[in-house]
Amino acid sequence: MSQQYPHLLSELDLGFTKLKNRVIMGSMHLGLEEDKDFSKLATFYKERAEGGVGLIVTGGIAPDIFGWTKPFSAKLTNQREVQKHRQVTSAVHDAGGKIAMQILHTGRYGFHPLILGPSKIQSPITPFKPHAMSEFFIKMTINHYARCAKLAKNAGYDGVEIMGSEGYLINQFIAKKTNQRTDGWGGSFENRIKFALDIVRKVKASVGNEFIIIFRLSMLDLVEDGSTIDEVLQLACELENAGVTIISTGIGWHEARVPTIATSIPRAAFAQITEKLRGAVNLPIVAVNRINTPEVAEDILAKNQADLVAMARPMLADSHLVQKAMDGKADEINTCIACNQACLDHLFKGQKASCLVNPRAVQEMELNYLPTQLVKNIAVIGGGVAGISCATILASRGHKVTIYEAKDKLGGQFNLAKNIPGKEEFKETLRYFNKQIELHNVLVKLNANIDADYLQKANYDEVVIATGVLPRVPNIDGISHRKVLHYPDVLSGKVAVGEKVAIIGAGGIGFDMGEFLLYDSEEMLKIDNYYQEWGIDASIKHAGGLLPNQVHEAPIREIYLLQRKEGKLGAGLGKTTGWIHRASLKNKNVKMLAGVTYRKIDDDGLHITIADKEYTLDVDNVVLCAGQESVNQLYKDLDGKIDNLHLIGGAHIAKELDAKFAIREGAELAAKL
């Protein structure tokens, strides 16, 4: 076992049971919970148990139909449903792991007309207004939590997590914002926390003493009329007295206009918030959010900020994160970059979760990289993420692989992305891929401009074309003017940019460019600067943890962000992160213009028309972020001339630098060859 992480890999004795290390796989809905058969869910969790995690917490399971996320979503209400769950618990236990089931009642966050809440106050992120709960429904719901916990124990779970944060039902009772009752369940803080405490007591009575009860406590609501630090600590003490085993901290309601888990959030940004529970309770406490490496986790524990750390998305990225840390192979961990593109964005669109950097996540039964029965000599042309993904998996299966890259280093567009403030994590993916190249003896040839004639003569068994994309250059009068810059030259630092800038193109690259020109990477990574940028009161003295008078620093540049089409800029950005990018640029006074016609670029600047009115933007530079075009001429030259030719990634389809698509295509092809 590695001695590099003595705190992280140490046992935690809970009295009636022990956790083998301090890592919890945090709760995350996968989209498998609604399957009629739980074999895929069992396979997913079994692989994480085999990977060494101390305790797994499942995605949210409703205690009744009123607590559904949506109609017919996951619930545990009767013995018949217990049988499915036994597939999961048996698989995890056979792998030497422990697993707790999260009980989640969505309250007003549900997407169905049966939703309930303490008061009849509609959520801004859901379409239905909740029914205010009567005394009968309150007591019934408390009983349903207890029933659900008992059924979970019967199903073989080692514990339950009671979801009391993120703005779900229990949290709705606790906060003044959503609880405007005048009876014994509202008004004073003591009345507002009664629902939570009665649930814990009833659950404890139903499952006994030798069963883990985790309570997810909202430390930082990040909404107006949320809890203060005194209230949070008071509730924590009451929870301990009620019989909770572990307190896991929750950060931010889903409706909060403060980002808490995106890649732009500094690592371990909320560990100091969790630390505030120290001295208030004698229970093990769990730090959460943006903990994605063993080093970060070890540091939190070494500083005594928490007793355990929760990692949810990092377990999507690498099921064996803990085992690799134990084996002294942390450099082989496929690190979560917190992009949300294949996990949360999928779920919010009704799709199964996966992972941008690990396409096997949640597809463990469909996508496997088995040893090859026939070793082939394979050429991969292009060393961007599609090519590297394909090459490293091919080599791991036993094939002999050569990557030909025209530039002087591998990584393609990721070499640009990693320079964008808030996307520093992309360096981790490049580190991981380079380690895989080393481990599996992939031959890399840089500065290699390969043509069709060479490949025809080389006689490879398979040729994979992954030549990527080039920036699209729009047809605008004056497009070659000295003021015009191309996004790769700007992001790579090859050219200087003036103080007044127009960005043509408001897709992902356009927004990235805006942040690159306005933010400093090193400053953004500082937690105090993040708090200031988003108006977070780290002391939690203000209700909800929001500063009353948020002030933004003056921007270092004047920027226009432009798009041809009408409508909201950034409409195609990630479902869960697009609003963050829009807010970041709004904070810096970026002028966002839609429905733009570009007339010309000259010494006076950029001439445009909007709604039949002509304007001239007096800018120092015009930066082109107008999309990409596939680089696939080599494929066209070879098509029909050699057998076993394949096209993947951006060379196949230019999709706004879609790394999720590129890495997945590379992986799926590599699994087949």
# chains A, B, ... in the order shown; residues from 1 in each chain; ligands from 1

call {"tool": "select_by_dssp", "arguments": {"residues": "range 72-195 of chain A", "states": "helix (DSSP H, G or I)", "output": "number ranges by chain"}}
result
A: 79-94, 107-109, 135-154, 169-174, 189-192, 194-195

call {"tool": "write_last_selection", "arguments": {"atoms": "N, CA and C atoms", "output": "short mmCIF file (atom, residue, chain, number, x, y, z; two decimals), in the first residue's frame"}}
result
data_model
loop_
_atom_site.label_atom_id
_atom_site.label_comp_id
_atom_site.auth_asym_id
_atom_site.auth_seq_id
_atom_site.Cartn_x
_atom_site.Cartn_y
_atom_site.Cartn_z
N GLN A 79 -41.72 -4.66 -0.86
CA GLN A 79 -40.80 -5.80 -0.87
C GLN A 79 -40.47 -6.26 -2.29
N ARG A 80 -41.40 -6.08 -3.20
CA ARG A 80 -41.16 -6.49 -4.59
C ARG A 80 -39.98 -5.73 -5.20
N GLU A 81 -39.88 -4.45 -4.87
CA GLU A 81 -38.78 -3.63 -5.40
C GLU A 81 -37.45 -3.95 -4.74
N VAL A 82 -37.52 -4.57 -3.56
CA VAL A 82 -36.30 -4.95 -2.85
C VAL A 82 -35.45 -5.91 -3.67
N GLN A 83 -36.09 -6.80 -4.40
CA GLN A 83 -35.35 -7.83 -5.14
C GLN A 83 -34.36 -7.22 -6.14
N LYS A 84 -34.78 -6.16 -6.82
CA LYS A 84 -33.86 -5.51 -7.77
C LYS A 84 -32.64 -4.97 -7.05
N HIS A 85 -32.85 -4.36 -5.91
CA HIS A 85 -31.76 -3.75 -5.18
C HIS A 85 -30.76 -4.79 -4.67
N ARG A 86 -31.23 -6.01 -4.43
CA ARG A 86 -30.32 -7.05 -3.95
C ARG A 86 -29.27 -7.41 -5.00
N GLN A 87 -29.59 -7.20 -6.27
CA GLN A 87 -28.57 -7.39 -7.31
C GLN A 87 -27.38 -6.45 -7.06
N VAL A 88 -27.71 -5.22 -6.68
CA VAL A 88 -26.68 -4.20 -6.47
C VAL A 88 -25.86 -4.51 -5.22
N THR A 89 -26.55 -4.72 -4.11
CA THR A 89 -25.83 -4.94 -2.85
C THR A 89 -25.00 -6.22 -2.88
N SER A 90 -25.50 -7.26 -3.51
CA SER A 90 -24.75 -8.51 -3.60
C SER A 90 -23.48 -8.33 -4.42
N ALA A 91 -23.62 -7.60 -5.52
CA ALA A 91 -22.46 -7.37 -6.39
C ALA A 91 -21.38 -6.57 -5.65
N VAL A 92 -21.79 -5.55 -4.93
CA VAL A 92 -20.83 -4.72 -4.19
C VAL A 92 -20.18 -5.51 -3.07
N HIS A 93 -20.97 -6.27 -2.33
CA HIS A 93 -20.42 -7.06 -1.22
C HIS A 93 -19.49 -8.16 -1.72
N ASP A 94 -19.83 -8.77 -2.84
CA ASP A 94 -18.95 -9.80 -3.41
C ASP A 94 -17.58 -9.22 -3.80
N GLY A 107 -39.42 16.97 -3.26
CA GLY A 107 -40.24 18.11 -2.89
C GLY A 107 -40.63 18.91 -4.11
N ARG A 108 -40.47 20.23 -4.06
CA ARG A 108 -40.90 21.09 -5.17
C ARG A 108 -39.99 20.98 -6.39
N TYR A 109 -38.89 20.24 -6.27
CA TYR A 109 -37.98 20.06 -7.41
C TYR A 109 -38.41 18.92 -8.35
N GLU A 135 -50.77 18.26 7.65
CA GLU A 135 -50.21 17.51 8.78
C GLU A 135 -50.20 16.02 8.47
N PHE A 136 -51.26 15.55 7.84
CA PHE A 136 -51.37 14.13 7.48
C PHE A 136 -50.24 13.74 6.53
N PHE A 137 -50.01 14.56 5.48
CA PHE A 137 -48.97 14.24 4.50
C PHE A 137 -47.57 14.34 5.10
N ILE A 138 -47.38 15.26 6.02
CA ILE A 138 -46.07 15.37 6.67
C ILE A 138 -45.76 14.09 7.44
N LYS A 139 -46.70 13.65 8.26
CA LYS A 139 -46.47 12.45 9.05
C LYS A 139 -46.37 11.20 8.18
N MET A 140 -47.16 11.17 7.12
CA MET A 140 -47.09 10.05 6.18
C MET A 140 -45.71 9.99 5.53
N THR A 141 -45.20 11.15 5.14
CA THR A 141 -43.89 11.19 4.48
C THR A 141 -42.78 10.75 5.42
N ILE A 142 -42.85 11.17 6.67
CA ILE A 142 -41.87 10.72 7.67
C ILE A 142 -41.89 9.20 7.78
N ASN A 143 -43.10 8.63 7.82
CA ASN A 143 -43.23 7.17 7.88
C ASN A 143 -42.68 6.51 6.63
N HIS A 144 -42.85 7.17 5.48
CA HIS A 144 -42.35 6.61 4.23
C HIS A 144 -40.82 6.59 4.18
N TYR A 145 -40.20 7.61 4.77
CA TYR A 145 -38.73 7.59 4.89
C TYR A 145 -38.29 6.37 5.71
N ALA A 146 -38.97 6.14 6.82
CA ALA A 146 -38.61 5.02 7.70
C ALA A 146 -38.84 3.68 6.98
N ARG A 147 -39.96 3.59 6.28
CA ARG A 147 -40.25 2.37 5.52
C ARG A 147 -39.18 2.12 4.46
N CYS A 148 -38.79 3.19 3.78
CA CYS A 148 -37.78 3.08 2.72
C CYS A 148 -36.45 2.61 3.30
N ALA A 149 -36.08 3.17 4.45
CA ALA A 149 -34.82 2.77 5.09
C ALA A 149 -34.84 1.30 5.51
N LYS A 150 -35.97 0.86 6.06
CA LYS A 150 -36.08 -0.54 6.46
C LYS A 150 -36.00 -1.47 5.26
N LEU A 151 -36.64 -1.09 4.17
CA LEU A 151 -36.56 -1.89 2.95
C LEU A 151 -35.13 -1.92 2.40
N ALA A 152 -34.44 -0.79 2.52
CA ALA A 152 -33.05 -0.73 2.07
C ALA A 152 -32.19 -1.70 2.89
N LYS A 153 -32.45 -1.77 4.18
CA LYS A 153 -31.72 -2.72 5.02
C LYS A 153 -32.04 -4.15 4.61
N ASN A 154 -33.30 -4.42 4.33
CA ASN A 154 -33.70 -5.75 3.87
C ASN A 154 -33.05 -6.11 2.53
N LEU A 169 -36.66 18.35 -0.50
CA LEU A 169 -37.78 18.54 0.42
C LEU A 169 -37.34 18.89 1.85
N ILE A 170 -36.43 18.12 2.41
CA ILE A 170 -36.03 18.39 3.80
C ILE A 170 -35.43 19.78 3.92
N ASN A 171 -34.59 20.13 2.97
CA ASN A 171 -33.98 21.46 2.93
C ASN A 171 -35.05 22.55 2.77
N GLN A 172 -36.11 22.23 2.05
CA GLN A 172 -37.20 23.19 1.84
C GLN A 172 -37.93 23.48 3.15
N PHE A 173 -38.02 22.48 4.01
CA PHE A 173 -38.62 22.71 5.33
C PHE A 173 -37.70 23.58 6.20
N ILE A 174 -36.38 23.37 6.06
CA ILE A 174 -35.43 24.05 6.94
C ILE A 174 -35.34 25.54 6.64
N PHE A 189 -36.91 28.45 13.85
CA PHE A 189 -35.97 27.47 13.31
C PHE A 189 -36.21 26.11 13.94
N GLU A 190 -36.54 26.08 15.22
CA GLU A 190 -36.82 24.82 15.90
C GLU A 190 -37.98 24.09 15.23
N ASN A 191 -38.98 24.83 14.80
CA ASN A 191 -40.10 24.21 14.10
C ASN A 191 -39.71 23.74 12.70
N ARG A 192 -38.88 24.54 12.03
CA ARG A 192 -38.52 24.22 10.63
C ARG A 192 -37.60 23.00 10.53
N LYS A 194 -37.84 20.43 12.62
CA LYS A 194 -38.54 19.29 13.23
C LYS A 194 -38.76 18.16 12.21
N PHE A 195 -39.06 18.52 10.96
CA PHE A 195 -39.30 17.52 9.91
C PHE A 195 -38.05 16.66 9.72
#

call {"tool": "residues_around", "arguments": {"residues": "range 466-472 of chain A", "least_positions_apart": "6", "cutoff": "10 Å", "atoms": "only C-alpha atoms", "output": "number ranges by chain"}}
result
A: 380-388, 390, 403-406, 412-413, 486-488, 624-635, 646-657, 662, 666

call {"tool": "write_last_selection", "arguments": {"atoms": "N, CA and C atoms", "output": "short mmCIF file (atom, residue, chain, number, x, y, z; two decimals), in the first residue's frame"}}
result
data_model
loop_
_atom_site.label_atom_id
_atom_site.label_comp_id
_atom_site.auth_asym_id
_atom_site.auth_seq_id
_atom_site.Cartn_x
_atom_site.Cartn_y
_atom_site.Cartn_z
N VAL A 380 -2.34 5.36 -36.54
CA VAL A 380 -3.33 6.38 -36.19
C VAL A 380 -2.75 7.71 -36.63
N ILE A 381 -3.44 8.36 -37.56
CA ILE A 381 -2.94 9.63 -38.11
C ILE A 381 -3.66 10.77 -37.41
N GLY A 382 -2.94 11.47 -36.56
CA GLY A 382 -3.51 12.56 -35.78
C GLY A 382 -3.42 12.28 -34.30
N GLY A 383 -2.77 13.18 -33.57
CA GLY A 383 -2.55 12.99 -32.14
C GLY A 383 -3.39 13.88 -31.26
N GLY A 384 -4.61 14.23 -31.72
CA GLY A 384 -5.55 14.90 -30.84
C GLY A 384 -6.20 13.87 -29.93
N VAL A 385 -7.22 14.27 -29.17
CA VAL A 385 -7.78 13.35 -28.18
C VAL A 385 -8.49 12.15 -28.83
N ALA A 386 -9.05 12.31 -30.02
CA ALA A 386 -9.67 11.17 -30.69
C ALA A 386 -8.61 10.14 -31.05
N GLY A 387 -7.51 10.60 -31.63
CA GLY A 387 -6.43 9.71 -32.02
C GLY A 387 -5.76 9.05 -30.84
N ILE A 388 -5.50 9.83 -29.78
CA ILE A 388 -4.83 9.26 -28.60
C ILE A 388 -5.74 8.26 -27.89
N CYS A 390 -8.06 6.41 -29.19
CA CYS A 390 -8.08 5.19 -30.01
C CYS A 390 -6.76 4.43 -29.88
N ILE A 403 1.35 6.41 -33.67
CA ILE A 403 0.65 7.67 -33.88
C ILE A 403 1.54 8.59 -34.71
N TYR A 404 0.97 9.14 -35.77
CA TYR A 404 1.66 10.16 -36.57
C TYR A 404 0.97 11.50 -36.30
N GLU A 405 1.73 12.46 -35.80
CA GLU A 405 1.20 13.77 -35.48
C GLU A 405 1.98 14.84 -36.23
N ALA A 406 1.25 15.72 -36.94
CA ALA A 406 1.91 16.74 -37.77
C ALA A 406 2.60 17.82 -36.95
N GLY A 412 -3.64 18.01 -29.62
CA GLY A 412 -4.57 18.73 -30.47
C GLY A 412 -5.17 19.95 -29.79
N GLN A 413 -6.50 20.08 -29.89
CA GLN A 413 -7.19 21.25 -29.36
C GLN A 413 -7.15 21.33 -27.83
N HIS A 486 -6.88 34.81 -35.23
CA HIS A 486 -7.52 33.49 -35.21
C HIS A 486 -7.38 32.89 -33.81
N TYR A 487 -8.42 32.21 -33.36
CA TYR A 487 -8.44 31.77 -31.96
C TYR A 487 -7.25 30.89 -31.56
N PRO A 488 -6.73 29.99 -32.43
CA PRO A 488 -5.57 29.20 -31.98
C PRO A 488 -4.35 30.08 -31.68
N LEU A 624 -11.55 35.61 -34.49
CA LEU A 624 -12.45 34.68 -35.18
C LEU A 624 -12.62 33.40 -34.37
N CYS A 625 -13.86 33.15 -33.96
CA CYS A 625 -14.23 31.92 -33.25
C CYS A 625 -15.49 31.37 -33.91
N ALA A 626 -15.44 31.27 -35.22
CA ALA A 626 -16.62 30.98 -36.02
C ALA A 626 -16.77 29.50 -36.38
N GLY A 627 -16.35 28.64 -35.48
CA GLY A 627 -16.52 27.21 -35.71
C GLY A 627 -15.32 26.57 -36.37
N GLN A 628 -15.52 25.30 -36.76
CA GLN A 628 -14.42 24.52 -37.34
C GLN A 628 -14.88 23.77 -38.58
N GLU A 629 -13.88 23.32 -39.32
CA GLU A 629 -14.13 22.46 -40.48
C GLU A 629 -13.25 21.23 -40.36
N SER A 630 -13.79 20.09 -40.75
CA SER A 630 -13.04 18.84 -40.66
C SER A 630 -11.83 18.85 -41.58
N VAL A 631 -10.74 18.30 -41.07
CA VAL A 631 -9.53 18.10 -41.88
C VAL A 631 -9.52 16.62 -42.26
N ASN A 632 -10.06 16.30 -43.42
CA ASN A 632 -10.19 14.89 -43.81
C ASN A 632 -9.76 14.61 -45.25
N GLN A 633 -8.91 15.49 -45.80
CA GLN A 633 -8.46 15.28 -47.17
C GLN A 633 -7.70 13.96 -47.31
N LEU A 634 -6.90 13.63 -46.29
CA LEU A 634 -6.14 12.38 -46.35
C LEU A 634 -7.07 11.18 -46.44
N TYR A 635 -8.16 11.24 -45.69
CA TYR A 635 -9.13 10.15 -45.76
C TYR A 635 -9.72 10.04 -47.17
N HIS A 646 -10.43 3.97 -41.45
CA HIS A 646 -11.42 4.46 -40.49
C HIS A 646 -11.26 5.96 -40.29
N LEU A 647 -12.38 6.63 -40.03
CA LEU A 647 -12.39 8.08 -39.82
C LEU A 647 -13.09 8.39 -38.50
N ILE A 648 -12.42 9.14 -37.60
CA ILE A 648 -13.00 9.41 -36.29
C ILE A 648 -12.78 10.86 -35.87
N GLY A 649 -13.54 11.26 -34.84
CA GLY A 649 -13.33 12.56 -34.20
C GLY A 649 -13.73 13.73 -35.08
N GLY A 650 -13.02 14.84 -34.90
CA GLY A 650 -13.33 16.05 -35.65
C GLY A 650 -13.16 15.89 -37.14
N ALA A 651 -12.25 15.00 -37.55
CA ALA A 651 -12.08 14.73 -38.98
C ALA A 651 -13.33 14.08 -39.57
N HIS A 652 -14.07 13.38 -38.72
CA HIS A 652 -15.32 12.74 -39.14
C HIS A 652 -16.46 13.76 -39.14
N ILE A 653 -16.65 14.40 -37.98
CA ILE A 653 -17.68 15.42 -37.84
C ILE A 653 -17.12 16.55 -36.98
N ALA A 654 -17.07 17.75 -37.54
CA ALA A 654 -16.61 18.92 -36.77
C ALA A 654 -17.78 19.39 -35.92
N LYS A 655 -17.68 19.19 -34.59
CA LYS A 655 -18.80 19.47 -33.70
C LYS A 655 -18.39 20.44 -32.58
N GLU A 656 -17.99 21.65 -32.93
CA GLU A 656 -17.66 22.67 -31.93
C GLU A 656 -16.69 22.12 -30.89
N LEU A 657 -15.60 21.55 -31.37
CA LEU A 657 -14.57 20.99 -30.49
C LEU A 657 -15.16 20.05 -29.45
N ALA A 662 -15.28 12.98 -29.69
CA ALA A 662 -14.00 12.53 -30.22
C ALA A 662 -13.43 11.36 -29.42
N GLY A 666 -13.13 7.37 -30.67
CA GLY A 666 -11.84 6.67 -30.64
C GLY A 666 -11.91 5.40 -29.83
#

call {"tool": "closest_residue", "arguments": {"among": "A:Leu617, A:Gly59, A:Gly54, A:Phe111", "to": "Gly96 in chain A", "atoms": "only C-alpha atoms"}}
result
A:Gly54

call {"tool": "atom_distance", "arguments": {"atom1": "CA of Asp512 in chain A", "atom2": "CA of Leu222 in chain A"}}
result
25.5 Å

call {"tool": "closest_residue", "arguments": {"among": "A:Gly595, A:Pro266, A:Gly398, A:Gly498", "to": "Glu522 in chain A", "atoms": "only C-alpha atoms"}}
result
A:Pro266

call {"tool": "closest_residue", "arguments": {"among": "A:Lys70, A:Cys237, A:Val57, A:Asp13", "to": "Phe348 in chain A", "atoms": "only C-alpha atoms"}}
result
A:Lys70

call {"tool": "closest_atom_pairs", "arguments": {"of": "range 151-177 of chain A", "to": "range 542-558 of chain A", "cutoff": "12 Å", "atoms": "only C-alpha atoms", "output": "Markdown table"}}
result
| residue | atom | partner | partner_atom | distance |
| --- | --- | --- | --- | --- |
| A:Glu166 | CA | A:Gly544 | CA | 11.8 |
| A:Gly167 | CA | A:Gly544 | CA | 11.4 |
| A:Asn171 | CA | A:Gly544 | CA | 11.7 |
| A:Ile174 | CA | A:Gly544 | CA | 11.4 |
| A:Ala175 | CA | A:Gly544 | CA | 8.7 |
| A:Lys176 | CA | A:Ala543 | CA | 9.5 |
| A:Lys177 | CA | A:Gly544 | CA | 9.5 |

call {"tool": "residues_around", "arguments": {"residues": "Val623 in chain A", "least_positions_apart": "5", "cutoff": "7 Å", "atoms": "only C-alpha atoms", "output": "mmCIF file with N, CA, C and O atoms, in the first residue's frame"}}
result
data_model
loop_
_atom_site.group_PDB
_atom_site.id
_atom_site.type_symbol
_atom_site.label_atom_id
_atom_site.label_comp_id
_atom_site.auth_asym_id
_atom_site.auth_seq_id
_atom_site.Cartn_x
_atom_site.Cartn_y
_atom_site.Cartn_z
ATOM 1 N N VAL A 484 -7.444 41.311 -37.565
ATOM 2 C CA VAL A 484 -8.101 40.012 -37.433
ATOM 3 C C VAL A 484 -7.125 38.976 -36.862
ATOM 4 O O VAL A 484 -6.003 38.817 -37.345
ATOM 5 N N LEU A 485 -7.587 38.279 -35.834
ATOM 6 C CA LEU A 485 -6.797 37.225 -35.200
ATOM 7 C C LEU A 485 -7.594 35.922 -35.194
ATOM 8 O O LEU A 485 -8.823 35.933 -35.147
ATOM 9 N N HIS A 486 -6.876 34.811 -35.231
ATOM 10 C CA HIS A 486 -7.516 33.493 -35.209
ATOM 11 C C HIS A 486 -7.381 32.890 -33.811
ATOM 12 O O HIS A 486 -6.333 33.027 -33.167
ATOM 13 N N TYR A 487 -8.423 32.213 -33.359
ATOM 14 C CA TYR A 487 -8.438 31.773 -31.963
ATOM 15 C C TYR A 487 -7.253 30.893 -31.561
ATOM 16 O O TYR A 487 -6.748 31.020 -30.436
ATOM 17 N N ALA A 502 -13.602 42.512 -30.531
ATOM 18 C CA ALA A 502 -14.852 41.905 -30.991
ATOM 19 C C ALA A 502 -14.582 40.428 -31.263
ATOM 20 O O ALA A 502 -13.618 40.089 -31.953
ATOM 21 N N ILE A 503 -15.420 39.567 -30.689
ATOM 22 C CA ILE A 503 -15.298 38.126 -30.912
ATOM 23 C C ILE A 503 -16.420 37.693 -31.836
ATOM 24 O O ILE A 503 -17.600 37.864 -31.522
ATOM 25 N N ILE A 504 -16.058 37.155 -32.987
ATOM 26 C CA ILE A 504 -17.048 36.665 -33.950
ATOM 27 C C ILE A 504 -17.290 35.187 -33.682
ATOM 28 O O ILE A 504 -16.399 34.360 -33.840
#

call {"tool": "closest_residue", "arguments": {"among": "A:His7, A:Arg48, A:Lys636, A:His131", "to": "Ala312 in chain A", "atoms": "only C-alpha atoms"}}
result
A:Arg48

call {"tool": "atom_distance", "arguments": {"atom1": "CA of Phe72 in chain A", "atom2": "CA of Gly117 in chain A"}}
result
19.4 Å

call {"tool": "residues_around", "arguments": {"residues": "Tyr454 in chain A", "least_positions_apart": "2", "cutoff": "12 Å", "atoms": "only C-alpha atoms", "output": "number ranges by chain"}}
result
A: 379, 381, 404, 448-452, 456-460, 463, 634, 637-638, 642

call {"tool": "select_by_dssp", "arguments": {"residues": "range 106-304 of chain A", "states": "strand (DSSP E or B)", "output": "number ranges by chain"}}
result
A: 116-117, 131-132, 159-164, 212-220, 246-251, 278, 281, 285-287

call {"tool": "write_last_selection", "arguments": {"atoms": "N, CA and C atoms", "output": "compact mmCIF listing (two decimals), in the first residue's frame"}}
result
# COMPACT_ATOMS: atom_id res chain seq x y z
N LEU A 116 -44.86 17.88 -3.73
CA LEU A 116 -45.26 18.44 -2.44
C LEU A 116 -44.18 19.39 -1.93
N GLY A 117 -44.56 20.27 -1.05
CA GLY A 117 -43.61 21.16 -0.41
C GLY A 117 -44.16 21.65 0.90
N HIS A 131 -47.95 21.19 -3.98
CA HIS A 131 -49.06 21.22 -3.04
C HIS A 131 -48.49 21.41 -1.64
N ALA A 132 -49.03 22.34 -0.87
CA ALA A 132 -48.57 22.52 0.50
C ALA A 132 -48.99 21.30 1.33
N GLY A 159 -26.28 0.94 4.74
CA GLY A 159 -26.77 2.17 5.34
C GLY A 159 -27.62 2.95 4.36
N VAL A 160 -28.07 4.10 4.82
CA VAL A 160 -28.80 5.03 3.95
C VAL A 160 -28.22 6.42 4.13
N GLU A 161 -28.36 7.21 3.10
CA GLU A 161 -28.07 8.64 3.20
C GLU A 161 -29.39 9.38 3.05
N ILE A 162 -29.71 10.19 4.04
CA ILE A 162 -30.92 11.01 3.99
C ILE A 162 -30.55 12.35 3.36
N MET A 163 -31.12 12.62 2.19
CA MET A 163 -30.76 13.83 1.45
C MET A 163 -31.46 15.04 2.06
N GLY A 164 -30.68 15.85 2.78
CA GLY A 164 -31.25 17.02 3.44
C GLY A 164 -30.70 18.33 2.93
N ILE A 212 -25.64 2.24 9.03
CA ILE A 212 -25.11 3.58 8.79
C ILE A 212 -26.22 4.53 8.39
N ILE A 213 -26.31 5.66 9.09
CA ILE A 213 -27.25 6.72 8.69
C ILE A 213 -26.42 7.98 8.42
N ILE A 214 -26.35 8.33 7.16
CA ILE A 214 -25.68 9.57 6.75
C ILE A 214 -26.75 10.63 6.56
N PHE A 215 -26.49 11.82 7.06
CA PHE A 215 -27.40 12.93 6.77
C PHE A 215 -26.64 13.94 5.93
N ARG A 216 -27.22 14.29 4.78
CA ARG A 216 -26.62 15.29 3.89
C ARG A 216 -27.11 16.66 4.34
N LEU A 217 -26.24 17.39 5.02
CA LEU A 217 -26.59 18.67 5.64
C LEU A 217 -26.17 19.83 4.76
N SER A 218 -27.09 20.72 4.47
CA SER A 218 -26.76 21.89 3.65
C SER A 218 -25.98 22.90 4.49
N MET A 219 -24.69 23.01 4.19
CA MET A 219 -23.83 23.97 4.90
C MET A 219 -23.99 25.37 4.32
N LEU A 220 -24.24 25.42 3.03
CA LEU A 220 -24.21 26.68 2.31
C LEU A 220 -25.32 26.64 1.27
N ILE A 246 -23.02 9.69 10.33
CA ILE A 246 -22.09 10.52 9.57
C ILE A 246 -22.84 11.74 9.06
N ILE A 247 -22.19 12.90 9.07
CA ILE A 247 -22.77 14.08 8.42
C ILE A 247 -21.96 14.38 7.16
N SER A 248 -22.64 14.35 6.03
CA SER A 248 -22.03 14.74 4.76
C SER A 248 -22.52 16.14 4.43
N THR A 249 -21.63 16.99 4.00
CA THR A 249 -22.00 18.38 3.77
C THR A 249 -22.50 18.59 2.34
N GLY A 250 -23.49 19.46 2.22
CA GLY A 250 -24.04 19.82 0.92
C GLY A 250 -23.78 21.28 0.63
N ILE A 251 -23.53 21.61 -0.61
CA ILE A 251 -23.20 22.98 -1.00
C ILE A 251 -24.12 23.44 -2.13
N ARG A 278 -16.33 21.29 12.79
CA ARG A 278 -15.38 20.84 13.80
C ARG A 278 -15.71 21.50 15.15
N VAL A 281 -19.86 19.00 16.47
CA VAL A 281 -20.32 17.61 16.59
C VAL A 281 -19.12 16.69 16.74
N ILE A 285 -17.32 13.74 9.60
CA ILE A 285 -17.92 14.66 8.63
C ILE A 285 -17.25 14.49 7.27
N VAL A 286 -18.01 14.78 6.23
CA VAL A 286 -17.58 14.52 4.86
C VAL A 286 -17.44 15.82 4.09
N ALA A 287 -16.28 16.03 3.50
CA ALA A 287 -16.07 17.17 2.61
C ALA A 287 -16.47 16.78 1.20

call {"tool": "atom_distance", "arguments": {"atom1": "CA of Glu428 in chain A", "atom2": "CA of Thr335 in chain A"}}
result
6.1 Å

call {"tool": "closest_residue", "arguments": {"among": "A:Asn415, A:Thr228, A:Gln234, A:Asn358", "to": "Lys660 in chain A", "atoms": "only C-alpha atoms"}}
result
A:Asn358
